[in-house]
Structure formats: C-alpha cells, structure tokens
$ cat entry.csv   # CSV, C-alpha atoms
chain,number,residue,atom,x,y,z
A,1,MET,CA,335.5,25.6,128.5
A,2,LYS,CA,334.7,26.3,132.1
A,3,PRO,CA,332.8,29.6,133.0
A,4,GLN,CA,335.1,32.5,133.8
A,5,LYS,CA,335.8,32.9,137.5
A,6,LEU,CA,334.3,36.2,138.7
A,7,PHE,CA,335.5,38.2,141.7
A,8,CYS,CA,332.4,39.8,143.4
A,9,PHE,CA,332.3,43.2,145.0
A,10,GLY,CA,329.2,43.8,147.0
A,11,HIS,CA,327.8,47.0,145.6
A,12,ARG,CA,327.3,49.6,148.3
A,13,GLY,CA,327.5,46.6,150.6
A,14,ALA,CA,324.6,44.3,149.7
A,15,ALA,CA,322.3,47.0,148.5
A,16,GLY,CA,319.7,44.5,147.3
A,17,HIS,CA,319.1,43.4,150.8
A,18,GLU,CA,320.0,46.2,153.3
A,19,PRO,CA,320.1,50.0,153.2
A,20,GLU,CA,323.0,50.9,150.9
A,21,ASN,CA,326.3,52.1,152.2
A,22,THR,CA,325.5,51.3,155.8
A,23,LEU,CA,327.5,49.0,158.1
A,24,ARG,CA,324.5,46.7,158.1
A,25,SER,CA,324.8,46.4,154.3
A,26,VAL,CA,328.6,45.9,154.4
A,27,ARG,CA,328.2,43.1,157.0
A,28,LYS,CA,325.5,41.5,154.9
A,29,ALA,CA,327.8,41.5,151.8
A,30,LEU,CA,330.4,39.7,153.9
A,31,GLU,CA,327.9,37.2,155.2
A,32,LEU,CA,326.7,36.4,151.6
A,33,GLY,CA,330.3,35.6,150.5
A,34,ALA,CA,331.4,38.8,148.7
A,35,ASP,CA,335.1,38.9,147.9
A,36,GLY,CA,335.1,42.6,148.1
A,37,VAL,CA,332.9,45.5,149.3
A,38,GLU,CA,332.3,48.7,147.4
A,39,VAL,CA,331.3,51.9,149.2
A,40,ASP,CA,330.9,55.6,148.2
A,41,VAL,CA,332.6,58.5,150.0
A,42,TYR,CA,332.1,62.2,150.4
A,43,CYS,CA,334.1,64.6,152.6
A,44,ALA,CA,331.9,66.6,154.9
A,45,ASP,CA,332.9,68.8,157.8
A,46,GLY,CA,336.4,67.3,157.6
A,47,GLN,CA,335.1,63.7,157.8
A,48,LEU,CA,335.0,60.9,155.2
A,49,VAL,CA,331.3,59.8,155.2
A,50,VAL,CA,329.9,56.9,153.3
A,51,ILE,CA,327.0,57.8,151.1
A,52,HIS,CA,326.3,57.7,147.4
A,53,ASP,CA,324.3,60.9,146.5
A,54,ARG,CA,325.4,64.4,147.0
A,55,THR,CA,322.1,65.1,148.6
A,56,LEU,CA,320.5,63.3,151.6
A,57,GLY,CA,316.9,62.8,150.5
A,58,ARG,CA,317.0,59.5,148.7
A,59,THR,CA,318.8,57.4,151.3
A,60,THR,CA,318.2,59.2,154.6
A,61,ASN,CA,315.5,61.1,156.5
A,62,GLY,CA,317.4,64.3,156.0
A,63,HIS,CA,317.6,66.8,153.2
A,64,GLY,CA,320.1,69.1,151.6
A,65,PHE,CA,323.7,68.7,150.4
A,66,VAL,CA,325.9,66.2,152.2
A,67,SER,CA,329.0,68.4,152.0
A,68,ARG,CA,327.3,71.4,153.6
A,69,LYS,CA,326.1,69.6,156.7
A,70,PRO,CA,327.9,69.4,160.1
A,71,PHE,CA,329.2,66.0,160.9
A,72,ALA,CA,327.0,65.8,164.0
A,73,GLN,CA,323.9,66.5,162.0
A,74,LEU,CA,324.8,63.8,159.4
A,75,ARG,CA,325.3,61.3,162.2
A,76,ALA,CA,321.9,62.0,163.7
A,77,LEU,CA,320.1,61.0,160.5
A,78,ASP,CA,318.5,57.6,159.8
A,79,ALA,CA,320.1,56.0,156.8
A,80,GLY,CA,317.6,53.1,156.8
A,81,CYS,CA,316.6,50.5,159.5
A,82,GLY,CA,317.9,52.8,162.1
A,83,GLU,CA,321.4,52.8,160.7
A,84,ARG,CA,323.7,55.9,160.8
A,85,ILE,CA,325.7,57.2,157.9
A,86,PRO,CA,329.0,55.5,158.6
A,87,THR,CA,332.5,56.9,158.4
A,88,LEU,CA,335.0,55.3,156.1
A,89,ALA,CA,337.1,54.2,159.0
A,90,GLU,CA,334.1,52.4,160.5
A,91,VAL,CA,333.7,50.5,157.2
A,92,PHE,CA,337.4,49.5,157.4
A,93,THR,CA,336.9,48.2,160.9
A,94,ALA,CA,333.7,46.3,159.9
A,95,VAL,CA,335.6,44.6,157.0
A,96,ALA,CA,338.8,44.0,158.9
A,97,HIS,CA,340.7,41.9,156.3
A,98,GLN,CA,337.7,39.8,155.3
A,99,ALA,CA,337.4,41.4,151.9
A,100,VAL,CA,339.0,43.9,149.5
A,101,ILE,CA,337.5,47.4,150.0
A,102,ASN,CA,336.7,49.5,146.9
A,103,VAL,CA,336.3,53.2,147.9
A,104,GLU,CA,334.6,55.2,145.2
A,105,LEU,CA,335.4,58.9,145.4
A,106,LYS,CA,332.1,60.8,144.9
A,107,GLY,CA,332.6,64.4,146.0
A,108,PRO,CA,335.4,66.9,145.4
A,109,HIS,CA,338.4,67.0,147.7
A,110,THR,CA,338.2,63.3,148.7
A,111,ALA,CA,341.4,62.0,147.0
A,112,ALA,CA,343.8,63.3,149.6
A,113,PRO,CA,342.0,62.3,152.8
A,114,VAL,CA,341.1,58.8,151.4
A,115,ALA,CA,344.8,58.3,150.4
A,116,ALA,CA,345.9,59.4,153.8
A,117,LEU,CA,343.5,57.1,155.6
A,118,ILE,CA,344.6,54.1,153.6
A,119,ASP,CA,348.2,55.0,154.1
A,120,LYS,CA,347.6,55.2,157.9
A,121,TYR,CA,346.0,51.7,158.0
A,122,VAL,CA,348.9,50.3,156.0
A,123,ARG,CA,351.7,52.0,157.9
A,124,GLU,CA,350.2,51.9,161.4
A,125,ARG,CA,347.8,49.0,161.5
A,126,GLY,CA,349.5,46.3,159.4
A,127,TRP,CA,347.0,46.4,156.5
A,128,ARG,CA,348.2,45.9,152.9
A,129,TYR,CA,347.7,48.2,150.0
A,130,GLU,CA,346.3,45.2,148.1
A,131,GLU,CA,343.3,45.3,150.4
A,132,PHE,CA,342.1,48.5,148.9
A,133,VAL,CA,341.0,49.9,145.5
A,134,VAL,CA,340.2,53.6,145.0
A,135,SER,CA,337.9,54.3,142.1
A,136,SER,CA,336.2,57.3,140.6
A,137,PHE,CA,334.6,58.7,137.4
A,138,ASP,CA,336.7,61.8,138.2
A,139,HIS,CA,340.0,60.6,136.8
A,140,ALA,CA,341.7,63.8,137.9
A,141,GLN,CA,341.2,62.7,141.5
A,142,LEU,CA,342.6,59.3,140.7
A,143,ARG,CA,345.7,60.9,139.3
A,144,GLN,CA,346.0,62.9,142.6
A,145,VAL,CA,345.8,59.6,144.5
A,146,ARG,CA,348.5,58.2,142.3
A,147,THR,CA,350.8,61.2,143.0
A,148,LEU,CA,350.1,61.0,146.8
A,149,GLN,CA,350.6,57.2,147.1
A,150,PRO,CA,351.6,55.2,144.0
A,151,MET,CA,351.0,51.9,145.9
A,152,ILE,CA,347.2,52.4,146.0
A,153,GLN,CA,345.4,50.5,143.3
A,154,LEU,CA,343.2,52.7,141.1
A,155,GLY,CA,339.9,51.7,139.4
A,156,ALA,CA,339.0,54.0,136.5
A,157,LEU,CA,335.2,54.2,136.2
A,158,ILE,CA,333.6,54.7,132.8
A,159,LYS,CA,330.0,54.5,131.4
A,160,LYS,CA,331.0,54.6,127.7
A,161,ILE,CA,333.9,53.1,125.8
A,162,PRO,CA,336.4,55.9,125.0
A,163,ARG,CA,338.5,56.2,121.9
A,164,GLY,CA,341.6,54.1,122.4
A,165,LEU,CA,339.7,51.7,124.6
A,166,ALA,CA,341.7,51.2,127.8
A,167,ALA,CA,344.7,53.4,126.8
A,168,PHE,CA,343.4,56.3,129.0
A,169,ALA,CA,343.6,54.1,132.1
A,170,GLU,CA,347.1,52.8,131.3
A,171,ARG,CA,348.4,56.3,130.9
A,172,PHE,CA,347.7,57.4,134.5
A,173,GLY,CA,348.6,54.1,136.0
A,174,ALA,CA,345.2,52.6,136.8
A,175,TRP,CA,345.0,49.0,138.1
A,176,SER,CA,341.6,48.3,136.6
A,177,VAL,CA,338.9,49.7,134.3
A,178,ASN,CA,335.5,49.6,135.9
A,179,VAL,CA,332.9,49.7,133.2
A,180,SER,CA,329.1,49.8,132.9
A,181,ARG,CA,327.3,46.5,132.2
A,182,THR,CA,325.6,48.1,129.2
A,183,ALA,CA,328.9,49.3,127.7
A,184,VAL,CA,331.4,46.5,128.2
A,185,THR,CA,332.6,44.8,125.0
A,186,ASP,CA,334.9,42.0,124.0
A,187,GLU,CA,337.2,44.6,122.5
A,188,LEU,CA,337.6,46.6,125.7
A,189,VAL,CA,338.2,43.5,127.8
A,190,ALA,CA,340.8,42.2,125.4
A,191,ASP,CA,342.5,45.6,125.1
A,192,ALA,CA,342.6,46.1,128.9
A,193,HIS,CA,344.1,42.7,129.5
A,194,ARG,CA,346.7,43.3,126.9
A,195,ARG,CA,347.7,46.3,128.8
A,196,GLY,CA,347.8,44.4,132.1
A,197,LEU,CA,344.6,46.0,133.5
A,198,LYS,CA,341.8,44.2,135.2
A,199,VAL,CA,338.2,44.7,134.1
A,200,PHE,CA,335.3,45.0,136.6
A,201,VAL,CA,331.7,45.5,135.5
A,202,PHE,CA,328.8,47.3,137.3
A,203,THR,CA,326.1,46.6,138.3
A,204,VAL,CA,325.5,42.9,137.5
A,205,ASN,CA,322.5,41.4,139.3
A,206,GLU,CA,320.7,39.0,136.9
A,207,SER,CA,321.8,35.5,136.1
A,208,ARG,CA,321.9,36.1,132.4
A,209,ASP,CA,324.2,39.1,132.9
A,210,ILE,CA,326.4,37.1,135.3
A,211,ALA,CA,326.7,34.4,132.6
A,212,ARG,CA,327.5,37.1,129.9
A,213,MET,CA,330.3,38.5,132.1
A,214,GLN,CA,331.8,35.0,132.4
A,215,ARG,CA,331.7,34.6,128.7
A,216,LEU,CA,333.4,38.0,128.1
A,217,GLY,CA,336.2,37.0,130.5
A,218,VAL,CA,336.0,40.0,132.8
A,219,ASP,CA,337.8,39.8,136.1
A,220,GLY,CA,334.9,40.6,138.3
A,221,VAL,CA,331.6,42.4,138.9
A,222,PHE,CA,329.8,44.7,141.3
A,223,SER,CA,326.5,43.3,142.5
A,224,ASP,CA,323.7,44.3,144.8
A,225,PHE,CA,323.1,40.6,145.3
A,226,PRO,CA,326.5,39.0,146.0
A,227,GLU,CA,325.0,35.6,146.7
A,228,ARG,CA,323.9,35.3,143.0
A,229,VAL,CA,327.4,35.7,141.8
A,230,VAL,CA,328.7,33.2,144.5
A,231,ALA,CA,326.0,30.7,143.4
A,232,ALA,CA,326.8,31.0,139.7
A,233,PRO,CA,327.7,27.8,137.9
A,234,ARG,CA,330.7,25.9,139.1
A,235,GLY,CA,334.0,27.6,138.3
A,236,SER,CA,332.5,31.0,138.3
A,237,VAL,CA,333.5,32.4,141.7
A,238,CYS,CA,334.6,30.3,144.7
A,239,SER,CA,333.8,27.1,146.5
A,240,ASP,CA,330.8,26.8,148.8
A,241,LYS,CA,332.9,27.0,151.9
A,242,PRO,CA,335.9,29.1,151.3
A,243,ALA,CA,338.6,28.9,154.0
A,244,LYS,CA,339.2,32.6,153.9
A,245,LYS,CA,339.0,35.7,151.7
A,246,PRO,CA,342.2,35.8,149.6
A,247,HIS,CA,343.4,38.9,147.8
A,248,PRO,CA,341.8,38.5,144.3
A,249,PHE,CA,345.0,38.8,142.2
$ encode --input "entry.csv" --output "structure tokens"
Amino acid sequence: MKPQKLFCFGHRGAAGHEPENTLRSVRKALELGADGVEVDVYCADGQLVVIHDRTLGRTTNGHGFVSRKPFAQLRALDAGCGERIPTLAEVFTAVAHQAVINVELKGPHTAAPVAALIDKYVRERGWRYEEFVVSSFDHAQLRQVRTLQPMIQLGALIKKIPRGLAAFAERFGAWSVNVSRTAVTDELVADAHRRGLKVFVFTVNESRDIARMQRLGVDGVFSDFPERVVAAPRGSVCSDKPAKKPHPF
C-alpha cells in the first residue's frame, strides 16, 4: 500500500527557516513547495495584523499587548531579519493564488473582519472561497464566520480528543478538524472522514512523524519545514516539479 498523500501547510510560513508570520517566511514556504500557508491574526487598531502571540516580546523587538498598540507603532517594529509585522492583506498579495491560505483567528473580534476581507477578495478580485481556510481554537468565532459567510471553509482546532470525536465539528459546519500531533488517533481520523470532514495535524516536522501521519491516513499536516513533507517517500505529497498549486480537494 502506497504512503498516504499529505497536503502540506507551511506553519507560520516556513517558521523553521525564517522569522515566523512574516512575508519573508510566507515566501520561503512557497519556494519550498508548500501547498498551503498558515498564518495567525489579531485585530489591532482596526487592522488585521499577522502575529502569533498576544504580546510582542517573543517575536519582535517590542513589548506589550498587540491589541493595545497603535498600528503605526506595530509597523515600526522588527519582526526578525528587518521584517515588519505584515497585514493579512499583504499575505494574500504575497500568496496570490499560489497556495491555500489558512488564517488562524488568535485574538478576540477577528471573525468579522477576516470574513469580510475574504469576502472582498472573492467578490471584487476574483479569488475563490476554496483558496481560504479560517481556523481557531475559539469555536464560537468559527460559528460567527459560518453565520457571516457560509462559503468560507472552517478548520476546528483541538489539542485533545473530545467526547464524540469529530461530532462537535460537524455540528457547526466545519470543513476540517485540525488536531495536535500528540493527540491524533486512528479513531478520530476514521470518525472525521465518516462525517465528511478533513483532518490536518499540527505541527509535524520530523520524518518519523510524517510517516506516522501517512499511516494514519490524515489529509495533511502543518510543518515548520515544508520541504521535509514535500521530500517524503513517493506518493506522499506531490511530484518534484509540480505544474501549479491546485486546490487540495
């Protein structure tokens, strides 16, 4: 039996190579052959900014809470290698149909502006809803996205397997269950697939873990090192020279 083909999201771009959640990292993920790019989003000063933590200290030369800073002050910070904290719109422009974009909602009040931005790109710029996934551990925000725009694909993030397995995600109309590498099981994968849901696993960096995900039959992974997934044994991801980046499903 051939290894399971895995769709690869570059985690925070290509965080194993470049400063996470920067345009430099996003471009590196595309260069390394990622099928999708995952970034994290907060709403600060009315702007959607791409950063993982609620505070600035770990990934920039600033300090304090992201959501409490003026946008101009956030943009003046160094996010690594001289990179600025990008806006979500800038990430969309950098990707430009080359990969699927997974937007993880991190802070409060991000559901509505993210849904509106995706809707704008679809309605005014000719993008497709299938080019986006919106994910979060805050499932209430995902339900809000579903209410605002049912066409947007939703990824329900979990760190532990809930009772009822994937039933919770099916109830609010999720497209996928995005589960921790340490928690994913055969039972969850089988249950999600029976319900018509995809399963993506985070964060998968080591070859032994990539092989395990193939054996489990998950649909894809998030990786800091997209090239390791791309270079996995034949049949695992894609050819050495793909003609273009297709929508995964």
$ residues_around --input "entry.csv" --residues "region 89-103 of chain A" --least-positions-apart "6" --cutoff "10 Å" --atoms "all atoms listed in the file" --output "PyMOL selection string"
chain A and resi 8-13+21-24+26-27+29-30+33-41+47-50+114+117-118+121+127-136+153-155+244-248
$ residues_around --input "entry.csv" --residues "Ala140 (chain A)" --least-positions-apart "3" --cutoff "12 Å" --atoms "only C-alpha atoms" --output "PDB file with C-alpha atoms, keeping the file's coordinate frame"
ATOM      1  CA  LEU A 105     335.400  58.900 145.400  1.00  0.00           C
ATOM      2  CA  PRO A 108     335.400  66.900 145.400  1.00  0.00           C
ATOM      3  CA  HIS A 109     338.400  67.000 147.700  1.00  0.00           C
ATOM      4  CA  THR A 110     338.200  63.300 148.700  1.00  0.00           C
ATOM      5  CA  ALA A 111     341.400  62.000 147.000  1.00  0.00           C
ATOM      6  CA  ALA A 112     343.800  63.300 149.600  1.00  0.00           C
ATOM      7  CA  SER A 135     337.900  54.300 142.100  1.00  0.00           C
ATOM      8  CA  SER A 136     336.200  57.300 140.600  1.00  0.00           C
ATOM      9  CA  PHE A 137     334.600  58.700 137.400  1.00  0.00           C
ATOM     10  CA  ARG A 143     345.700  60.900 139.300  1.00  0.00           C
ATOM     11  CA  GLN A 144     346.000  62.900 142.600  1.00  0.00           C
ATOM     12  CA  VAL A 145     345.800  59.600 144.500  1.00  0.00           C
ATOM     13  CA  ARG A 146     348.500  58.200 142.300  1.00  0.00           C
ATOM     14  CA  THR A 147     350.800  61.200 143.000  1.00  0.00           C
ATOM     15  CA  LEU A 154     343.200  52.700 141.100  1.00  0.00           C
ATOM     16  CA  ALA A 156     339.000  54.000 136.500  1.00  0.00           C
ATOM     17  CA  LEU A 157     335.200  54.200 136.200  1.00  0.00           C
ATOM     18  CA  PHE A 168     343.400  56.300 129.000  1.00  0.00           C
ATOM     19  CA  ALA A 169     343.600  54.100 132.100  1.00  0.00           C
ATOM     20  CA  PHE A 172     347.700  57.400 134.500  1.00  0.00           C
ATOM     21  CA  ALA A 174     345.200  52.600 136.800  1.00  0.00           C
TER      22      ALA A 174
END
$ residues_around --input "entry.csv" --residues "Ser207 (chain A)" --least-positions-apart "4" --cutoff "12 Å" --atoms "only C-alpha atoms" --output "PyMOL selection string"
chain A and resi 211-214+223+225-233+236
$ residues_around --input "entry.csv" --residues "Gly217 (chain A)" --least-positions-apart "5" --cutoff "12 Å" --atoms "only C-alpha atoms" --output "list in words"
Met1, Lys2, Pro3, Gln4, Lys5, Leu6, Phe7, Val184, Thr185, Asp186, Glu187, Leu188, Val189, Ala190, Asp191, Ala192, His193, Lys198, Val199, Phe200, Val201, Ile210, Ala211, Arg212 and Ser236 of chain A
$ atom_distance --input "entry.csv" --atom1 "CA of Ala14 (chain A)" --atom2 "CA of Gly220 (chain A)"
15.8 Å
$ closest_residue --input "entry.csv" --among "A:Arg194, A:Lys28, A:Arg125, A:Lys106" --to "Val66 (chain A)" --atoms "only C-alpha atoms"
A:Lys106
$ atom_distance --input "entry.csv" --atom1 "CA of Arg215 (chain A)" --atom2 "CA of Thr203 (chain A)"
16.4 Å
$ closest_residue --input "entry.csv" --among "A:Gly126, A:Gly62, A:Pro162, A:Gly46" --to "Thr87 (chain A)" --atoms "only C-alpha atoms"
A:Gly46
$ atom_distance --input "entry.csv" --atom1 "CA of Thr59 (chain A)" --atom2 "CA of Arg181 (chain A)"
23.6 Å
$ closest_residue --input "entry.csv" --among "A:Glu18, A:Glu104, A:Asp138, A:Asp224" --to "Gly82 (chain A)" --atoms "all atoms listed in the file"
A:Glu18
